[in-house]
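Enquirer: Right, I'll just put the structure down here and ask away after.
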Amino acid sequence: MSLELDIDGPASPPRSNGELVFDAPWQARVFGLTAAVVETRFGGDREPFRQQLIAAIAADPQRPYWDSWVAALEQLVERDL
Amino acid sequence: MSDDHHPIPPSPIERRVVALEELLTERGYVPEGFIEAFNRGYENDIGPMNGAKVVARAWSDPEYKKRLLEDGTRAIAEFGFGGPEGHYMVVVENTPQVHNVVVCTLCSCYPWPVLGLPPRWYKDAPYRARMVREPRALLKEMGCDLADDVDIRVWDSSAEARYLVLPERPNGTDGLSEEELTALVTRDSMIGVARL
């Protein structure tokens with residue numbers, strides 16, 4: 001854990017404040033993709049996706065965050081789209 | 001060789017994201033250019049600078065600070081900040097005796113309109129678990145070493161309430177303008193994992 005905290009902890013320069021914290025382009029992609037679905041399919045209501053995300057994280061707490069995010073969006077698509 | 005065009009094959013997770021995007025685009029849920037515009041907005045327009053402006057005003061204007069602590073959502077809306085992920089904001093004030101820190105134990109609820117995208121570690125399971133179980137030890141590891149007599153309050157963000165920490169104004173900043181103060185406020189200090 002200390003490795004992850006160090007990369008982006010208080011030691012990071014203050015002007016990196018606004019950085020996007022994606023490790024890979026696909027993470028930014030699925031983030032924006034989710035925003036599009038929330039907007040066009042759920043009228044801006046993020047709650048259905050949020051519930052899927054909570055469930056996906058709970059199902060596998062050690063899985064990397066954005067992997068759980070992808071799993072959550074897949075579940076949402078399967079269920080509601 | 002056709003391989004020259006694709007020196008690194010996409011990973012399984014990348015392929016899943018591409019498949020999702022194709023499917024959702026085909027079904028009409030992804031307006032053209034939406035993803036690019038959305039991500040740019042979070043990068044440039046919405047970010048921790050918004051929160052820093054709120055904090056600097058609270059330091060400069062006692063009346064504003066009073067409003068902010070009484071009704072965070074309304075006082076933050078005076079700047080025009082709000083919207084999804086920020087509809088019920090609670091501002092908690094650090095003092096010499098009380099240190100506040102924010103976590104989301106369920107997932108990664110975070111006040112996006114004032115802080116932008118959550119940092120990587122905020123979403124990690126160890127941060128989410130340990131900030132509840134042993135906040136003092138974890139804060140120390142993150143470089144925020146608090147005296148034993150400072151009371152630590154851990155706030156669990158949720159869909160119902162998002163928290164923003166109002167850090168203590170640093171010493172020696174009496175002559176600074178609101179704009180100058182804004183530049184001193186870091187994202188981490190508003191999550192509560194750093195002091196200024």
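Naming scheme: A, B, ... for chains in displayed order of the structure tokens; residues 1 onward per chain; ligands 1 onward as shown.
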Please report as CSV every residue of stretch 37-156 of chain B lying within 10 Å of stretch 49-57 of chain A, along with the nearest atom pair and their distance in Å (one decimal), using only C-alpha atoms.

Expert:
```
residue,atom,partner,partner_atom,distance
B:Thr105,CA,A:Ile54,CA,9.9
B:Leu106,CA,A:Ile54,CA,6.3
B:Cys107,CA,A:Ile54,CA,5.6
B:Ser108,CA,A:Ile54,CA,8.8
B:Cys109,CA,A:Arg50,CA,9.1
B:Ala125,CA,A:Ile57,CA,9.0
```

Enquirer: How about saving the chosen residues, C-alpha atoms kept, as a PDB file, in the first residue's frame?

Expert:
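Ended up saving to selection23.pdb:
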```pdb
ATOM      1  CA  THR B 105     -15.798   2.991   2.931  1.00  0.00           C
ATOM      2  CA  LEU B 106     -18.320   1.705   0.384  1.00  0.00           C
ATOM      3  CA  CYS B 107     -16.772   2.786  -2.895  1.00  0.00           C
ATOM      4  CA  SER B 108     -15.276   6.146  -3.781  1.00  0.00           C
ATOM      5  CA  CYS B 109     -17.805   8.886  -3.095  1.00  0.00           C
ATOM      6  CA  ALA B 125      -9.085  -0.844  -0.401  1.00  0.00           C
TER       7      ALA B 125
END
```

Enquirer: Please find the residues of chain B near chain A - the criterion being any atom within 6 Å, counting only C-alpha atoms - and write them as a ChimeraX atom specification.

Expert: /B:14,29-30,35,47-48,107,119-121,186-187

Enquirer: Please, could you write that set of residues out with C-alpha atoms as a PDB file, in the first residue's frame?

Expert:
```pdb
ATOM      1  CA  GLU B  14      -8.651  -2.840 -22.887  1.00  0.00           C
ATOM      2  CA  TYR B  29     -25.918   5.988 -25.726  1.00  0.00           C
ATOM      3  CA  VAL B  30     -22.653   7.711 -26.623  1.00  0.00           C
ATOM      4  CA  ILE B  35     -16.177  11.171 -23.826  1.00  0.00           C
ATOM      5  CA  GLY B  47     -10.873  20.337 -10.051  1.00  0.00           C
ATOM      6  CA  PRO B  48      -9.343  21.035  -6.702  1.00  0.00           C
ATOM      7  CA  CYS B 107     -16.772   2.786  -2.895  1.00  0.00           C
ATOM      8  CA  PRO B 119      -6.752  10.455  -6.415  1.00  0.00           C
ATOM      9  CA  ARG B 120      -5.726   6.862  -6.990  1.00  0.00           C
ATOM     10  CA  TRP B 121      -5.080   5.996  -3.364  1.00  0.00           C
ATOM     11  CA  THR B 186      -3.799  21.605  -1.688  1.00  0.00           C
ATOM     12  CA  ARG B 187      -6.181  18.852  -2.636  1.00  0.00           C
TER      13      ARG B 187
END
```

Enquirer: One decimal, in Å: what's the spacing between atom CA of B:Gly192 and atom CA of B:Asp174?

Expert: 22.5 Å

Enquirer: Between atom CA of B:Tyr88 and atom CA of B:Asn39, measure the distance and give it in Å to one decimal.

Expert: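 About the pair atom CA of B:Tyr88 and atom CA of B:Asn39: they are 23.1 Å apart.
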
Enquirer: Near B:Trp155, counting only C-alpha atoms, which residues have an atom at most 10 Å away, once you skip same-chain residues fewer than 6 positions from it, shown as a PDB file with C-alpha atoms, in the first residue's frame?

Expert:
```
ATOM      1  CA  VAL B  90     -20.791  19.184   4.429  1.00  0.00           C
ATOM      2  CA  VAL B  92     -15.831  20.201   8.484  1.00  0.00           C
ATOM      3  CA  ASN B 100     -10.868  15.896  10.076  1.00  0.00           C
ATOM      4  CA  VAL B 101     -10.276  13.343   7.328  1.00  0.00           C
ATOM      5  CA  VAL B 102     -12.575  11.984   4.627  1.00  0.00           C
ATOM      6  CA  VAL B 103     -12.947   8.445   3.332  1.00  0.00           C
ATOM      7  CA  CYS B 104     -15.594   6.473   1.476  1.00  0.00           C
ATOM      8  CA  THR B 105     -15.798   2.991   2.931  1.00  0.00           C
ATOM      9  CA  MET B 131      -8.555   5.170   7.610  1.00  0.00           C
ATOM     10  CA  VAL B 132     -11.414   3.832   9.693  1.00  0.00           C
ATOM     11  CA  ALA B 161     -23.290  13.546   2.035  1.00  0.00           C
ATOM     12  CA  ARG B 162     -19.925  14.521   0.608  1.00  0.00           C
ATOM     13  CA  TYR B 163     -17.374  16.053   2.963  1.00  0.00           C
ATOM     14  CA  LEU B 164     -14.831  18.782   2.422  1.00  0.00           C
ATOM     15  CA  VAL B 165     -12.218  19.573   5.043  1.00  0.00           C
ATOM     16  CA  ILE B 191      -9.367  15.493   1.978  1.00  0.00           C
ATOM     17  CA  GLY B 192      -7.642  15.754   5.330  1.00  0.00           C
TER      18      GLY B 192
END
```

Enquirer: How far is it from atom CA of B:Asp151 to atom CA of B:Asp61, in Å with one decimal?

Expert: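 Rounded to one decimal, the two atoms are 26.0 Å apart.
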